[in-house]
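Here is the file protein-v8.cif (mmCIF, C-alpha atoms).
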data_model
loop_
_atom_site.label_atom_id
_atom_site.label_comp_id
_atom_site.auth_asym_id
_atom_site.auth_seq_id
_atom_site.Cartn_x
_atom_site.Cartn_y
_atom_site.Cartn_z
CA MET X 63 202.17 13.20 136.77
CA PHE X 64 203.06 14.69 140.14
CA ASP X 65 202.10 18.18 138.97
CA LYS X 66 198.74 16.96 137.70
CA LEU X 67 198.09 14.83 140.78
CA LEU X 68 198.51 17.62 143.26
CA SER X 69 197.51 20.57 141.12
CA SER X 70 194.70 21.65 143.46
CA ASP X 71 193.65 21.44 147.09
CA THR X 72 190.59 19.48 146.06
CA LYS X 73 192.71 16.79 144.39
CA VAL X 74 194.82 16.48 147.55
CA ASP X 75 191.67 16.11 149.62
CA LEU X 76 190.29 13.52 147.21
CA LEU X 77 193.52 11.51 147.23
CA MET X 78 193.65 11.55 151.02
CA LEU X 79 189.99 10.55 151.24
CA PHE X 80 190.36 7.56 148.94
CA HIS X 81 193.74 6.53 150.32
CA SER X 82 192.31 6.38 153.88
CA ASN X 83 189.06 4.78 152.73
CA PRO X 84 189.78 2.44 149.85
CA GLY X 85 186.32 0.92 150.26
CA LEU X 86 184.63 4.16 149.27
CA VAL X 87 182.47 3.78 146.17
CA ASP X 88 180.22 6.75 145.81
CA SER X 89 178.48 9.17 143.49
CA ILE X 90 180.28 12.43 142.74
CA GLU X 91 177.79 14.21 144.97
CA GLY X 92 178.41 11.66 147.73
CA VAL X 93 182.18 12.05 147.45
CA ALA X 94 181.85 15.84 147.47
CA ARG X 95 179.76 15.67 150.65
CA ARG X 96 182.48 13.65 152.38
CA ILE X 97 185.07 16.38 151.89
CA GLY X 98 182.67 19.21 152.62
CA ARG X 99 182.22 20.40 149.04
CA THR X 100 179.57 20.32 146.35
CA ALA X 101 179.49 18.14 143.22
CA SER X 102 180.11 21.08 140.89
CA GLU X 103 183.17 22.11 142.90
CA ILE X 104 184.92 18.75 142.52
CA GLU X 105 183.69 17.62 139.10
CA ALA X 106 186.74 18.83 137.11
CA ASP X 107 189.24 17.43 139.60
CA VAL X 108 187.48 14.07 139.70
CA LYS X 109 187.65 13.98 135.89
CA ASP X 110 191.42 14.68 136.00
CA LEU X 111 191.96 11.85 138.50
CA ILE X 112 189.89 9.51 136.33
CA ASP X 113 192.02 10.51 133.31
CA LEU X 114 195.16 9.79 135.34
CA GLY X 115 193.74 6.36 136.16
CA VAL X 116 193.68 7.05 139.90
CA LEU X 117 189.90 6.95 140.12
CA VAL X 118 187.58 4.60 138.26
CA LYS X 119 184.13 5.62 137.06
CA GLU X 120 181.29 3.15 136.68
CA ARG X 121 177.63 3.67 135.86
CA PHE X 122 174.86 2.20 138.03
CA GLY X 123 171.37 3.07 136.89
CA LYS X 124 171.20 6.82 136.45
CA LEU X 125 174.23 7.55 138.62
CA ASP X 126 177.96 7.44 138.06
CA ALA X 127 180.01 5.96 140.90
CA VAL X 128 183.67 6.71 141.42
CA SER X 129 186.07 4.51 143.32
CA PHE X 130 189.77 4.26 143.96
CA ASP X 131 191.99 2.05 141.86
CA THR X 132 193.89 0.48 144.74
CA ASN X 133 196.56 -0.79 142.35
CA LYS X 134 197.45 2.82 141.66
CA ASP X 135 197.73 3.67 145.35
CA LYS X 136 201.25 2.30 145.72
CA GLN X 137 202.37 4.04 142.53
CA ILE X 138 200.96 7.37 143.73
CA GLN X 139 202.61 7.01 147.10
CA GLU X 140 205.95 6.37 145.38
CA ILE X 141 205.57 9.43 143.15
CA ILE X 142 204.73 11.66 146.09
CA SER X 143 207.50 10.20 148.23
CA ASN X 144 210.10 10.66 145.46
CA GLN X 145 208.98 14.19 144.85
CA LEU X 146 209.25 15.02 148.55
CA LYS X 147 212.76 13.52 148.65
CA MET X 148 213.77 15.59 145.63
CA GLY X 149 212.34 18.70 147.26
CA ALA X 150 214.23 17.98 150.48
CA GLY X 151 217.49 17.32 148.58
CA MET Y 80 166.45 -25.44 161.08
CA ASP Y 81 169.78 -24.05 159.86
CA ARG Y 82 171.06 -21.35 162.19
CA VAL Y 83 173.45 -18.46 161.65
CA LYS Y 84 175.35 -17.85 164.86
CA THR Y 85 176.26 -14.36 165.89
CA GLY Y 86 179.15 -15.71 167.94
CA ILE Y 87 177.81 -13.81 170.96
CA ALA Y 88 177.04 -16.83 173.11
CA GLN Y 89 174.25 -15.34 175.20
CA LEU Y 90 172.56 -13.75 172.21
CA ASP Y 91 172.67 -17.04 170.30
CA GLN Y 92 170.99 -18.67 173.30
CA MET Y 93 168.28 -16.02 173.23
CA LEU Y 94 167.78 -16.78 169.53
CA SER Y 95 167.49 -20.54 170.17
CA GLY Y 96 170.81 -21.12 168.42
CA GLY Y 97 171.18 -18.08 166.18
CA PHE Y 98 169.36 -16.24 163.40
CA VAL Y 99 167.39 -18.47 161.06
CA SER Y 100 169.38 -18.97 157.88
CA GLY Y 101 168.22 -16.68 155.07
CA ASP Y 102 166.36 -14.35 157.38
CA ALA Y 103 166.56 -10.58 157.23
CA VAL Y 104 167.49 -9.20 160.64
CA LEU Y 105 166.77 -5.69 161.84
CA VAL Y 106 168.74 -4.27 164.78
CA ALA Y 107 166.93 -1.17 165.95
CA GLY Y 108 168.02 1.33 168.54
CA GLY Y 109 168.86 4.91 169.30
CA ALA Y 110 172.20 6.59 168.80
CA GLY Y 111 175.00 5.05 170.83
CA THR Y 112 173.22 1.82 171.67
CA GLY Y 113 175.74 -0.42 169.86
CA LYS Y 114 174.04 -1.23 166.55
CA THR Y 115 177.19 -0.78 164.45
CA THR Y 116 179.27 -2.72 166.97
CA LEU Y 117 176.78 -5.59 166.88
CA GLY Y 118 176.87 -5.56 163.07
CA LEU Y 119 180.66 -5.61 162.95
CA GLN Y 120 180.87 -8.33 165.59
CA TYR Y 121 178.44 -10.44 163.58
CA LEU Y 122 180.73 -10.17 160.54
CA VAL Y 123 184.04 -10.57 162.37
CA ASN Y 124 182.78 -13.65 164.25
CA GLY Y 125 181.37 -15.01 161.01
CA ALA Y 126 184.77 -14.72 159.32
CA ASN Y 127 186.92 -15.81 162.26
CA GLN Y 128 184.77 -18.46 163.92
CA PHE Y 129 182.42 -19.85 161.31
CA GLY Y 130 184.28 -19.44 158.03
CA GLU Y 131 181.57 -17.17 156.62
CA ASN Y 132 182.75 -14.12 154.71
CA GLY Y 133 180.94 -10.82 154.97
CA ILE Y 134 180.30 -7.39 153.50
CA PHE Y 135 179.73 -4.26 155.56
CA VAL Y 136 177.99 -1.36 153.83
CA THR Y 137 178.22 1.94 155.64
CA PHE Y 138 176.64 5.21 154.60
CA GLU Y 139 177.67 7.73 157.18
CA GLN Y 140 180.64 6.29 159.00
CA MET Y 141 183.86 6.31 157.00
CA PRO Y 142 185.85 3.05 156.74
CA ASN Y 143 188.90 4.55 158.47
CA GLN Y 144 186.68 5.28 161.51
CA LEU Y 145 185.44 1.70 161.44
CA TYR Y 146 189.01 0.32 161.25
CA ARG Y 147 189.99 2.44 164.24
CA ASP Y 148 186.90 1.64 166.34
CA ALA Y 149 187.10 -2.08 165.54
CA LYS Y 150 190.73 -2.17 166.68
CA ASN Y 151 189.53 -1.18 170.15
CA PHE Y 152 187.70 -4.51 170.26
CA GLY Y 153 190.71 -6.40 168.92
CA TRP Y 154 189.19 -6.80 165.44
CA ASP Y 155 191.60 -6.25 162.59
CA LEU Y 156 189.27 -5.37 159.73
CA LYS Y 157 192.09 -4.49 157.35
CA ARG Y 158 193.63 -7.92 157.81
CA LEU Y 159 190.26 -9.57 157.15
CA GLU Y 160 189.95 -7.47 153.99
CA GLN Y 161 193.42 -8.51 152.87
CA GLU Y 162 192.46 -12.13 153.46
CA ASN Y 163 189.35 -11.53 151.32
CA LYS Y 164 187.08 -12.51 154.23
CA LEU Y 165 185.52 -9.10 154.60
CA LYS Y 166 184.81 -6.12 152.41
CA ILE Y 167 183.86 -2.73 153.75
CA PHE Y 168 181.94 -0.46 151.44
CA CYS Y 169 181.24 3.14 152.02
CA THR Y 170 178.67 4.67 149.74
CA SER Y 171 175.61 6.86 149.53
CA PRO Y 172 172.14 5.42 149.94
CA GLU Y 173 170.98 6.79 146.61
CA LEU Y 174 173.67 4.80 144.84
CA LEU Y 175 172.60 1.57 146.49
CA LEU Y 176 169.02 2.32 145.51
CA GLU Y 177 169.92 3.43 142.01
CA SER Y 178 172.00 0.45 141.15
CA HIS Y 179 169.27 -1.90 140.10
CA GLY Y 180 168.60 -3.13 136.61
CA THR Y 181 171.21 -5.02 134.66
CA LYS Y 182 173.98 -4.45 137.16
CA HIS Y 183 173.80 -4.12 140.91
CA PHE Y 184 176.29 -2.08 142.83
CA LEU Y 185 177.11 -5.11 145.01
CA ASP Y 186 177.38 -7.69 142.23
CA GLU Y 187 181.15 -7.41 141.84
CA PRO Y 188 182.06 -7.47 145.57
CA ILE Y 189 179.71 -10.41 146.06
CA ARG Y 190 181.50 -12.24 143.26
CA GLN Y 191 184.87 -11.42 144.85
CA VAL Y 192 184.17 -12.10 148.54
CA LYS Y 193 181.45 -14.75 148.24
CA PRO Y 194 179.81 -13.49 151.41
CA ARG Y 195 177.32 -15.38 153.53
CA ARG Y 196 176.67 -12.32 155.70
CA ILE Y 197 175.98 -8.69 154.92
CA VAL Y 198 175.40 -5.71 157.18
CA ILE Y 199 173.73 -2.49 156.04
CA ASP Y 200 174.44 0.39 158.41
CA SER Y 201 171.85 1.73 158.30
CA LEU Y 202 168.54 1.12 156.62
CA SER Y 203 167.21 4.33 158.14
CA ASN Y 204 169.77 6.24 156.05
CA LEU Y 205 168.16 4.76 152.97
CA ALA Y 206 164.83 5.98 154.23
CA MET Y 207 166.13 9.55 154.17
CA TYR Y 208 166.47 9.42 150.38
CA ILE Y 209 163.08 8.09 149.45
CA GLU Y 210 159.47 8.96 150.13
CA GLU Y 211 158.05 7.42 153.27
CA LYS Y 212 155.56 5.30 151.35
CA GLU Y 213 158.42 3.84 149.28
CA VAL Y 214 160.62 2.82 152.22
CA ARG Y 215 158.94 -0.51 152.83
CA LYS Y 216 158.97 -1.39 149.13
CA GLU Y 217 162.64 -0.48 148.68
CA ALA Y 218 163.66 -2.27 151.87
CA TYR Y 219 161.74 -5.33 150.71
CA ARG Y 220 163.49 -5.21 147.32
CA LEU Y 221 166.94 -4.86 148.86
CA LEU Y 222 166.42 -7.62 151.41
CA ASN Y 223 165.14 -9.94 148.72
CA TYR Y 224 168.24 -9.20 146.63
CA PHE Y 225 170.33 -10.42 149.57
CA LYS Y 226 168.14 -13.51 149.99
CA THR Y 227 168.49 -14.29 146.28
CA LYS Y 228 172.26 -14.12 146.71
CA GLN Y 229 171.90 -16.48 149.70
CA MET Y 230 173.22 -13.93 152.16
CA ASN Y 231 172.05 -13.47 155.71
CA SER Y 232 171.44 -9.79 156.10
CA LEU Y 233 171.54 -7.67 159.20
CA CYS Y 234 170.35 -4.09 158.84
CA THR Y 235 170.56 -1.47 161.51
CA TRP Y 236 167.73 0.99 162.05
CA GLU Y 237 168.16 4.17 163.99
CA ALA Y 238 165.05 4.50 166.07
CA PRO Y 239 164.40 8.07 167.18
CA GLY Y 240 164.63 8.92 170.84
CA ILE Y 241 167.51 8.04 173.07
CA ILE Y 242 165.36 7.10 176.01
CA GLY Y 243 161.65 7.31 176.70
CA GLN Y 244 158.85 6.13 174.46
CA GLY Y 245 160.65 6.95 171.24
CA VAL Y 246 160.97 3.59 169.51
CA SER Y 247 159.25 3.76 166.17
CA LEU Y 248 159.63 0.76 163.93
CA THR Y 249 156.22 0.45 162.45
CA ASP Y 250 155.74 3.96 161.08
CA VAL Y 251 157.18 3.08 157.70
CA GLY Y 252 156.44 -0.63 157.82
CA VAL Y 253 160.07 -1.77 157.95
CA SER Y 254 159.35 -4.10 160.84
CA ARG Y 255 157.04 -6.11 158.60
CA VAL Y 256 159.72 -6.93 156.05
CA ALA Y 257 162.20 -8.04 158.71
CA ASP Y 258 162.12 -11.68 159.86
CA CYS Y 259 163.90 -10.94 163.10
CA ILE Y 260 163.96 -7.74 165.14
CA ILE Y 261 166.37 -7.01 167.96
CA LEU Y 262 165.80 -3.85 169.91
CA LEU Y 263 168.60 -2.08 171.76
CA ARG Y 264 167.64 0.51 174.34
CA LEU Y 265 169.33 2.91 176.68
CA VAL Y 266 167.61 2.87 180.04
CA GLU Y 267 168.09 5.00 183.08
CA ILE Y 268 168.17 3.14 186.36
CA GLU Y 269 168.94 5.05 189.51
CA SER Y 270 170.69 7.86 187.63
CA GLN Y 271 172.89 5.51 185.60
CA MET Y 272 172.57 4.63 181.95
CA HIS Y 273 172.30 0.93 181.13
CA LYS Y 274 171.90 -0.87 177.84
CA ALA Y 275 169.02 -3.28 177.31
CA LEU Y 276 168.50 -5.81 174.54
CA VAL Y 277 165.37 -7.73 173.62
CA VAL Y 278 164.46 -10.03 170.75
CA LEU Y 279 161.11 -8.61 169.60
CA LYS Y 280 160.51 -11.00 166.75
CA LEU Y 281 162.00 -14.18 165.32
CA ARG Y 282 159.75 -15.46 162.59
CA GLY Y 283 159.16 -19.20 162.69
CA SER Y 284 161.16 -19.85 165.83
CA ASP Y 285 160.91 -19.63 169.56
CA HIS Y 286 163.14 -17.12 171.31
CA ASP Y 287 163.91 -15.62 174.69
CA LYS Y 288 161.43 -12.85 175.50
CA ALA Y 289 163.37 -11.45 178.43
CA LEU Y 290 164.88 -7.99 178.42
CA ARG Y 291 168.55 -8.44 179.11
CA GLU Y 292 171.25 -6.03 180.04
CA PHE Y 293 174.23 -5.91 177.71
CA GLU Y 294 177.58 -4.22 177.79
CA ILE Y 295 180.06 -3.10 175.20
CA THR Y 296 183.33 -4.43 176.56
CA SER Y 297 186.85 -4.51 175.13
CA GLN Y 298 185.85 -7.74 173.35
CA GLY Y 299 182.63 -6.34 171.92
CA ILE Y 300 179.09 -6.94 173.04
CA THR Y 301 178.35 -9.29 175.91
CA VAL Y 302 174.81 -10.04 176.99
CA ALA Y 303 174.07 -10.50 180.68
CA GLN Y 304 171.16 -11.74 182.76
CA PRO Y 305 167.61 -10.40 182.44
CA PHE Y 306 166.84 -7.23 184.36
CA THR Y 307 165.29 -8.06 187.69
CA GLY Y 308 163.57 -5.86 190.19
CA PHE Y 309 162.38 -3.40 187.54
CA GLU Y 310 159.42 -3.07 185.23
CA SER Y 311 158.66 -0.85 182.19
CA ILE Y 312 162.31 -1.08 181.09
CA ILE Y 313 161.30 -1.02 177.42
CA THR Y 314 160.04 2.54 177.88
CA GLY Y 315 163.52 3.62 178.92
CA VAL Y 316 162.21 4.86 182.24
CA PRO Y 317 161.92 1.77 184.41
CA ARG Y 318 160.25 1.57 187.79
CA ARG Y 319 161.50 -0.51 190.64
CA VAL Y 320 159.15 -3.38 191.38
CA ARG Y 321 157.98 -3.10 194.97
CA SER Y 322 159.57 -5.91 196.88
CA MET Y 323 156.93 -8.45 197.82
CA PRO Y 324 156.69 -9.51 201.47
CA LYS Y 325 157.79 -12.99 202.32
CA THR Y 326 155.04 -15.41 201.46
CA ILE Y 327 154.33 -18.12 203.96
CA ASP Y 328 153.84 -21.65 202.70
CA GLU Y 329 150.79 -23.84 203.19
CA ALA Y 330 152.12 -25.67 206.23
CA GLU Y 331 152.80 -22.38 208.00
CA ALA Y 332 149.35 -21.05 207.04
CA ASN Y 333 147.72 -24.22 208.42
CA GLN Y 334 149.51 -23.89 211.70
CA ILE Y 335 148.61 -20.21 212.10
CA ALA Y 336 144.93 -20.91 211.29
CA LEU Y 337 144.65 -23.80 213.73
CA GLU Y 338 146.34 -21.92 216.55
CA TYR Y 339 144.09 -18.93 215.92
CA VAL Y 340 140.93 -21.07 216.07
CA LYS Y 341 142.14 -22.89 219.16
CA LYS Y 342 142.67 -19.59 220.93
CA LYS Y 343 139.48 -18.04 219.64
CA GLU Y 344 137.23 -21.02 220.32
CA SER Y 345 138.48 -22.00 223.77
CA GLY Y 346 140.77 -24.86 222.89
CA ALA Y 347 138.74 -26.31 220.04
CA GLN Y 348 140.59 -29.18 218.36
CA ALA Y 349 140.17 -27.83 214.83
CA GLU Y 350 141.31 -29.39 211.61
CA ILE Y 351 141.91 -27.98 208.14
CA LYS Y 352 139.17 -28.91 205.67
CA SER Y 353 140.23 -27.01 202.57
CA VAL Y 354 142.76 -24.43 201.41
CA GLU Y 355 142.44 -21.75 198.78
CA ARG Y 356 145.26 -19.52 197.77
CA GLN Y 357 145.19 -16.34 195.78
CA ASP Y 358 147.21 -13.40 197.08
CA ILE Y 359 146.39 -14.57 200.56
CA TRP Y 360 145.67 -17.85 202.25
CA VAL Y 361 142.03 -18.74 202.91
CA LEU Y 362 141.61 -21.84 205.02
CA GLU Y 363 138.42 -23.54 206.01
CA VAL Y 364 138.74 -25.10 209.41
CA SER Y 365 136.28 -27.15 211.41
CA TRP Y 366 136.01 -28.42 214.92
CA ALA Y 367 133.57 -30.50 216.92
CA MET Y 368 131.02 -28.79 219.15
CA GLN Y 369 130.03 -30.77 222.24
CA THR Y 370 127.95 -28.46 224.41
CA GLU Y 371 124.59 -29.11 226.06
CA LYS Y 372 122.79 -27.11 223.40
CA THR Y 373 124.66 -27.98 220.25
CA LYS Y 374 126.23 -31.13 218.99
CA GLY Y 375 127.87 -31.21 215.59
CA THR Y 376 130.62 -29.61 213.58
CA GLN Y 377 131.35 -25.93 213.27
CA TYR Y 378 133.13 -24.51 210.22
CA ALA Y 379 134.97 -21.22 209.79
CA ASN Y 380 137.10 -19.46 207.19
CA VAL Y 381 140.39 -18.03 208.32
CA THR Y 382 142.05 -15.54 205.97
CA ILE Y 383 145.79 -15.12 206.42
CA SER Y 384 148.04 -12.62 204.63
CA GLY Y 385 151.29 -13.52 202.90
CA THR Y 386 153.19 -12.36 205.96
CA GLY Y 387 151.21 -14.66 208.26
CA GLU Y 388 148.76 -12.20 209.81
CA VAL Y 389 145.15 -13.28 210.36
CA ARG Y 390 143.14 -10.76 208.36
CA ASP Y 391 139.67 -12.19 208.68
CA TYR Y 392 137.81 -14.79 210.65
CA GLU Y 393 134.28 -15.86 209.77
CA LYS Y 394 132.18 -18.72 210.99
CA THR Y 395 130.42 -20.21 208.01
CA ARG Y 396 128.22 -23.23 208.69
CA PHE Y 397 127.24 -25.58 211.44
CA GLN Y 398 126.46 -29.17 210.70
CA SER Y 399 124.55 -31.07 213.31
CA GLY Y 400 125.02 -34.79 213.60
CA SER Y 401 121.46 -35.49 214.85
CA VAL Y 402 118.92 -32.80 213.99
CA SER Y 403 117.11 -32.16 210.76
CA GLN Y 404 118.03 -29.55 208.14
CA ARG Y 405 115.31 -27.22 209.39
CA ILE Y 406 116.71 -27.34 212.91
CA GLN Y 407 120.22 -26.94 211.60
CA SER Y 408 119.27 -23.74 209.92
CA LYS Y 409 117.62 -22.48 213.06
CA LEU Y 410 120.63 -23.43 215.13
CA ARG Y 411 122.95 -21.67 212.74
CA SER Y 412 121.04 -18.43 213.06
CA ILE Y 413 120.90 -18.73 216.81
CA PHE Y 414 124.56 -19.58 217.01
CA SER Y 415 125.61 -16.60 214.98
CA ARG Y 416 123.56 -14.17 217.15
CA SER Y 417 123.87 -15.57 220.67
CA LYS Y 418 126.74 -15.65 223.09
CA PRO Y 419 127.37 -18.51 225.52
CA GLY Y 420 125.02 -18.31 228.48
CA GLU Y 421 122.46 -16.11 226.70
CA LYS Y 422 118.92 -17.28 226.15
CA SER Y 423 117.85 -17.43 222.58
#
What is this structure when it is put down as structure tokens?
Amino acid sequence: MFDKLLSSDTKVDLLMLFHSNPGLVDSIEGVARRIGRTASEIEADVKDLIDLGVLVKERFGKLDAVSFDTNKDKQIQEIISNQLKMGAG
Amino acid sequence: MDRVKTGIAQLDQMLSGGFVSGDAVLVAGGAGTGKTTLGLQYLVNGANQFGENGIFVTFEQMPNQLYRDAKNFGWDLKRLEQENKLKIFCTSPELLLESHGTKHFLDEPIRQVKPRRIVIDSLSNLAMYIEEKEVRKEAYRLLNYFKTKQMNSLCTWEAPGIIGQGVSLTDVGVSRVADCIILLRLVEIESQMHKALVVLKLRGSDHDKALREFEITSQGITVAQPFTGFESIITGVPRRVRSMPKTIDEAEANQIALEYVKKKESGAQAEIKSVERQDIWVLEVSWAMQTEKTKGTQYANVTISGTGEVRDYEKTRFQSGSVSQRIQSKLRSIFSRSKPGEKS
């Protein structure tokens, strides 16, 4: 999971964005704007994070909104922390 | 009338007790006037003081910025969120507008938090995503959604122009859908920036009409006394009101008038007959005439300025005690032309 989670710079940016702002519920375009990218640039990475269960997608009208599954936050932090410890060891 | 207190004591006084329950409130102002702070304070006070939960919807400012800024005022937003008293949402305006139909974007958080208060920061961001003619309609729809959910909404509105005549609320008709409008202004007074607050509208209730200075302190917004000594504050470029000279009272005006007549009319024992006051004092005085030629009462008007200077003196009528009206008239004309000792 660690490899998939941090397989691109965009995913790292997305994880940091949602971790710092758990109340963020936005369209893909809106999320992209918040990390200085375009919707097409982040689409694949957002899909990966949804598949991993880190992000949740929900449809409102004609738009899809993505939000952070806060229950996963602790799990992600543990994975990253363990991986860093292993790297240091 | 059920009131929703802001928890800012002086502002609640200005609002005759608080916002009217169920009303949609618009807080308008330029950048840096304290709209977001007022919105947050409204929610934090609601949760901490009045047991009313709240939702804060932000479009531009990220939640982590809000957490940090709120901490400077001693407000722990994260703790309130953990206690399920507050929920901060960051989203894009188009999503809030799009999410109508079977499911609204805010349905779930409303079910979770059971809020009585909601802040939208800001409604003008919404306006950026829709045509100008649609703004009023969309704002009306959104505000009615909040009313249906029995929430008291407070929306901020970024009015263009930091100072000067730049407040524009009516261009897109938003002011008409709001039940209460509070305007925040930056004003320059003697080369220093001050913050001014005024309640422009409070539908169905009396309110304080004074422009008051407010400050953003370490505890949030505090509202002070009305501005004094200045006018045109609402324009952002106030002018100092010229200090008015001391105004004498009626007793002082009477004394000045009588002394003036006594001096002018060789010791005449005059008395005040009537007093008129506009910007100046105008006193009618009279005194008895007991000369060989004239017997009766002479009247005069003495005009005195607010500082006590005699500005005008005019004899008006002479009333004889013994001669007929025809003679009186004649005497009056003679009196006004002749000097003592002259032959008429």
Counting only C-alpha atoms, the residue of Y:Asp328, Y:Glu294, Y:Glu162, Y:Glu177 that sits nearest Leu117 of chain Y: Y:Glu294
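Using all atoms listed in the file, the shortest contact distance between chain X and any of Y:Asp148, Y:Glu292, Y:Glu173, Y:Glu187 is found at Y:Glu173.
The two atoms in question, atom CA of Lys226 of chain Y and atom CA of Val104 of chain Y, are spaced 11.5 Å apart.
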Please identify every residue of chain Y that has at least one atom no farther than 8 Å from an atom of chain X, counting only C-alpha atoms, and for each give the shortest atom pair and the distance in Å to one decimal, arranged by chain then increasing number, as CSV.
residue,atom,partner,partner_atom,distance
Y:Met141,CA,X:Asn83,CA,6.9
Y:Pro142,CA,X:Asn83,CA,5.4
Y:Asn143,CA,X:Asn83,CA,5.7
Y:Lys166,CA,X:Gly85,CA,7.5
Y:Ile167,CA,X:Gly85,CA,5.6
Y:Phe168,CA,X:Gly85,CA,4.7
Y:Cys169,CA,X:Leu86,CA,4.5
Y:Thr170,CA,X:Asp88,CA,4.7
Y:Ser171,CA,X:Gly92,CA,5.8
Y:Leu174,CA,X:Ser89,CA,6.6
Y:Glu177,CA,X:Gly123,CA,5.3
Y:Ser178,CA,X:Phe122,CA,4.6
Y:His179,CA,X:Gly123,CA,6.3
Y:Gly180,CA,X:Gly123,CA,6.8
Y:Lys182,CA,X:Phe122,CA,6.8
Y:His183,CA,X:Phe122,CA,7.0
Y:Phe184,CA,X:Phe122,CA,6.6
One decimal place gives the atom CA of Arg255 of chain Y-atom CA of Thr116 of chain Y separation as 24.0 Å
Can you pull out the residues contacting Phe397 of chain Y? Cut-off 7 Å, using all atoms listed in the file, and skip same-chain residues under 2 positions away; I want them as a list in words. Thr376, Gln377, Tyr378, Ser399 and Arg411 of chain Y
Please save C-alpha atoms of the selected residues as a PDB file, in the frame of the given file.
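Output file selection-v7.pdb follows:
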ATOM      1  CA  THR Y 376     130.620 -29.610 213.580  1.00  0.00           C
ATOM      2  CA  GLN Y 377     131.350 -25.930 213.270  1.00  0.00           C
ATOM      3  CA  TYR Y 378     133.130 -24.510 210.220  1.00  0.00           C
ATOM      4  CA  SER Y 399     124.550 -31.070 213.310  1.00  0.00           C
ATOM      5  CA  ARG Y 411     122.950 -21.670 212.740  1.00  0.00           C
TER       6      ARG Y 411
END
Two-atom distance - atom CA of Glu393 of chain Y, atom CA of Lys374 of chain Y (Å): 19.6 Å
Could you tell me, as a PyMOL selection string, exactly which residues end up selected when the PyMOL selection byres ((chain Y and resi 380) around 7) is applied to this structure? chain Y and resi 361-364+379+381-382+392-395
Segment 108-110 of chain X surroundings by only C-alpha atoms, 9 Å radius, close-in-sequence under 6 positions cut, as a JSON list (two decimals) with C-alpha atoms, in the coordinates of the input:
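Dumped everything to around-v7.json:
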[["chain", "number", "residue", "atom", "x", "y", "z"],
["X", 66, "LYS", "CA", 198.74, 16.96, 137.70],
["X", 67, "LEU", "CA", 198.09, 14.83, 140.78],
["X", 72, "THR", "CA", 190.59, 19.48, 146.06],
["X", 73, "LYS", "CA", 192.71, 16.79, 144.39],
["X", 76, "LEU", "CA", 190.29, 13.52, 147.21],
["X", 90, "ILE", "CA", 180.28, 12.43, 142.74],
["X", 116, "VAL", "CA", 193.68, 7.05, 139.90],
["X", 117, "LEU", "CA", 189.90, 6.95, 140.12],
["X", 128, "VAL", "CA", 183.67, 6.71, 141.42]]
Render segment 67-78 of chain X from the structure in the preceding block as a file of N, CA and C atoms, as an mmCIF file, in the first residue's frame.
data_model
loop_
_atom_site.group_PDB
_atom_site.id
_atom_site.type_symbol
_atom_site.label_atom_id
_atom_site.label_comp_id
_atom_site.auth_asym_id
_atom_site.auth_seq_id
_atom_site.Cartn_x
_atom_site.Cartn_y
_atom_site.Cartn_z
ATOM 1 N N LEU X 67 0.488 4.435 -2.304
ATOM 2 C CA LEU X 67 0.108 5.708 -1.674
ATOM 3 C C LEU X 67 1.009 6.860 -2.115
ATOM 4 N N LEU X 68 2.281 6.581 -2.128
ATOM 5 C CA LEU X 68 3.225 7.670 -2.412
ATOM 6 C C LEU X 68 3.947 7.462 -3.747
ATOM 7 N N SER X 69 3.194 6.967 -4.726
ATOM 8 C CA SER X 69 3.817 6.662 -6.009
ATOM 9 C C SER X 69 4.017 7.893 -6.900
ATOM 10 N N SER X 70 3.476 9.026 -6.510
ATOM 11 C CA SER X 70 3.697 10.245 -7.313
ATOM 12 C C SER X 70 3.685 11.484 -6.411
ATOM 13 N N ASP X 71 4.270 12.534 -6.930
ATOM 14 C CA ASP X 71 4.281 13.804 -6.177
ATOM 15 C C ASP X 71 2.857 14.306 -5.939
ATOM 16 N N THR X 72 2.022 14.102 -6.957
ATOM 17 C CA THR X 72 0.638 14.581 -6.849
ATOM 18 C C THR X 72 -0.074 13.883 -5.689
ATOM 19 N N LYS X 73 0.141 12.584 -5.557
ATOM 20 C CA LYS X 73 -0.517 11.843 -4.463
ATOM 21 C C LYS X 73 -0.031 12.379 -3.099
ATOM 22 N N VAL X 74 1.244 12.663 -3.009
ATOM 23 C CA VAL X 74 1.779 13.216 -1.746
ATOM 24 C C VAL X 74 1.098 14.556 -1.449
ATOM 25 N N ASP X 75 1.008 15.374 -2.478
ATOM 26 C CA ASP X 75 0.354 16.691 -2.298
ATOM 27 C C ASP X 75 -1.109 16.525 -1.879
ATOM 28 N N LEU X 76 -1.772 15.567 -2.515
ATOM 29 C CA LEU X 76 -3.189 15.340 -2.187
ATOM 30 C C LEU X 76 -3.346 14.841 -0.753
ATOM 31 N N LEU X 77 -2.476 13.919 -0.354
ATOM 32 C CA LEU X 77 -2.556 13.395 1.019
ATOM 33 C C LEU X 77 -2.299 14.494 2.046
ATOM 34 N N MET X 78 -1.311 15.326 1.750
ATOM 35 C CA MET X 78 -1.008 16.436 2.677
ATOM 36 C C MET X 78 -2.168 17.425 2.747
#
